[in-house]
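Single-structure report; data block below.
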Amino acid sequence: MENFIIYGVYIYLTGMLVSAGMSLLRNHFRFANAILFLSNLAGFSAMVAYLANFPGRELVILQTGFFFDLKLSLDYLSSIFLLLTSGISGLVVVYSAEYLDRYRKTYDIQSVQSLMGIFIFGMVGVLLSANVVGFMVFWEIMSFASFFLVMSDRTKESLHAAFIYFVMTHLGAGAILGGFLILSGGSLGFEISGIAAASRNIPPDFLTVAFLLFFFGFGSKAGLIPFHIWLPEAHPQAPTNISALMSGLMLKIAVYGFLKTVMMFFHIPIWAALLVISLGIISALLGALYAVVEKDIKKAFAYSSIENMGIIFLMLGMAMCVMAKRTAGEIPLAAILLVTYAIFHAINHAIFKTGLFLSSGVIINRTHSKSLDMMGGLAKAMPIFSFIFLIIILASAALPPFGTFYGEWGFIRALIDLLQISGTKFASVTVFLTVLALFALVSGLATFAMIKIYAISMLGLPKLERHSDEKTDDGLFVIPLAVIGFVMVALGIFAKNILGWLSGHIGEVFFGYAGDIPDVQISSAQVFVIVAAFLLLSAAVYKLLSGNGRKEREYDTWNCGQPIDASMEYTATAFSAPIRFFFLPLLQRRKTIISVPVVNTNPWISKKSFSLDITSVWYDRLYKPAAKYVFWLAEKVRLVHTGRIQYYLLLLLSAIIITLMIAL
Amino acid sequence: MAFIKLLKILFFGPKVTESESGLSGPKDQEIQNIGEEIKKEVERLYGGRSLRIRAVDGGSTNAEEIELTALLNAYYDIDRFGLSFVASPRHADMLFVTGPVTRNLEAAVKKTYQAAPEPCIVVAIGDGACTGGIWNDSYAVVGSVDKVIPVHIRIPGDPPTPTEILKGVLGALRGKK
């Protein structure tokens, strides 16, 4: 059995590389795609076998004596995330066979296919790596592949987005490497599983620095506000299948990294937990808000990713808070549950966000526009697709009976339990209550955003005539989406079992606790039955009220004799207007009215155009001044470079003297 | 100065209102009779409630509209016979369509007819609505109303007087069961 799993992982890794090479050959695109799919299948089945037979036991895949003792191994956490990665990548690969074929003119599909293989390879590598060198090398492979993928349509916006992504991801990677080096004392061969032990031995100041570096590194990869600046630019600019991989999987790699490092720390100060909580809740709130007001469908989904990553980090932050406050020897059961919910939410988010991005690809392929204001009426043209999209949308709005609901509901229950335990301590009650209130607001806003996207894009009349006629549900497009919808429902039905299974193992992995975990307090079967009964009942009531043998005639809505057309519909901008007005101080919009006189003699007769943008406060207030300062600094440094060789020699000499002074 | 002039006219000017004797002249007995019969028919057909009418302008010269407005003034006062105008075809039992149906209003006439609940009596009022009148064969008009929607009764005249309109309505109601 062990051999089967090890060979499965080998096949997975080599299959991806072979596919990446193969796709560069002319006319081998389909073949390379098939290989990539099959290797993902091999990886998936290996992970299923591992989790079914010996979850929790470390399984060494590869142990080398060279290259800083590069070591690949499997453990419980990495196998969970690998299961997710291989499964979702497989679906995305099937989708991209059709998707890339349709966009032959926009993208160089050979290189996109090849880079996609390398990108997945990098993610899998990060998850498999057992020591720092592997982690960082694969992390960079993942970052570089996705950097090239972001700019694969070679437009100006893509290059801009890719550049911001490049800068942010490398600042993050540098921070992560720094964090590892502090903990390992400068050794690249350091095993990541030794972090718990290492964090006991280093001074608390160093641990603080390591925490900050890790938090910045993984937080910027996960798109936490204010390090999110690259995410809403890069995710929408990439080809849709890559957006799905980036939003669905790459962000989870950041969560995995955070779980493997910071969550393993022996001691976490309370302010660190509060920092994670506050950035988490800010990301969740602002992400949801931006998703509500955004009218570019892919950008809205990208902001929804920020929101969900915020929620995951909020859950982890609460767990850290519980861990920081525990007394010695006490097993923090609440922390185990919170981490469980965070991982469960990460799994759910990976699946539904992939589904959402893949769906956005289908919609954009149909309407040839990213703007929600240009969509509408697709439900009639694509009935099967729109039904699946509805399921994914409802799942992403965290409504019962889907898996997402149980993650968030469990979190709320855990918060209420914590409130009860904390009693009358003012500080903790304030924190928990604030988090609870803001979290409720986030859930509401997220639901609003998702309902808006579905209603504006699918319902009503088509805003553009050209996509109204044909009635097609696209074959290969729909199959992966159907699988995702099915998985979302299944996660809802088996939520209780999955949560119980997860919490048992997580207690063991993080806290070495193998005893009983209190029940997760929700019966998914019950909720499912209630929801199903509710749906059936409302259907029956509707039948009863509407049928009844009365004579009925159907015709258009009365509109004073005018024809009804799409210009009368709600647009995405109008739909979100109340929320936009309410949160105006947070959002900073820019309204432009341009008035051009038609005839020069009379200024009153003029042609007016209006546009409304949501400006990025973070970019204008934080990143631009920072960039300006860096440029200013660079200008000052440039003064040193006089171009005279004697001067450089003098500099070298003084550098050596200073170094020797410090070292000796 | 102008204000004093105004006061002068107000207090010392000639009287413009009619004397009381002018108001109490003989009533137009014909309208009274037609109205009573309409009231009976409406009572028979609609069981106590009034007949509700929606007027649709299909592109008329407004002459018919002026006559329809006259139906509501103090002299004719058709409300007392159980006839009333409503603002939406959703509430109408009867449609008054005026004018030759122009191409721009063809859809509106059609949609109004579709929006009215069945059974709906369509009355074409005026020569334009009955035959197309002098606008027949123009590029801008579709023609008489029956080219667009079924018409139950036609009231010719350019424009027909209020009394003729009332007679037409009575004729339409008499045939109904």
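Scheme for the structure tokens: letters A, B, ... for chains in order shown; per-chain residue numbers from 1; ligand numbers from 1 in order shown.
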
| chain B contacts to chain A at 7 Å (only C-alpha atoms) as number ranges by chain | B: 107-109, 111-112, 115

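For Ile242 (chain A), the set of protein, DNA and RNA residues having any atom at most 9 Å away, when counting only C-alpha atoms and skipping those fewer than 3 positions along the same chain, is A:Val92, A:Ser96, A:Val112, A:Met116, A:Ser146, A:Leu149, A:Val150, A:His235, A:Ala238, A:Pro239, A:Leu245, A:Met246, A:Ser247.
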
| query | Quick one: residues within 10 Å of region 5-14 of chain A, only C-alpha atoms counted, chain neighbours fewer than 4 positions away excluded, as number ranges by chain? | reply | A: 1, 18-20, 35-50, 59-62, 73-74, 86, 117-118, 120-122, 124-125, 128

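Going from CA of Phe206 (chain A) over to CA of Phe180 (chain A), you cover 11.2 Å.
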
| Which polymer residues have any atom within 10 Å of an atom of Val169 (chain B), counting only C-alpha atoms, with same-chain residues fewer than 4 positions away left out, as a count of residues only? | 16

| task | Run DSSP on the backbone and give me the residues of chain B it puts in helix (DSSP H, G or I), as a ChimeraX atom specification. | result | /B:2-12,20-23,29-46,63-71,78-81,89-91,106-115,127-131,133-135,145-147,162-175

| said: So, with only C-alpha atoms as the atoms that count, which of A:Phe426, A:Trp230, A:Trp632, A:Trp409 lies closest to Leu338 (chain A)? | reply: A:Trp409
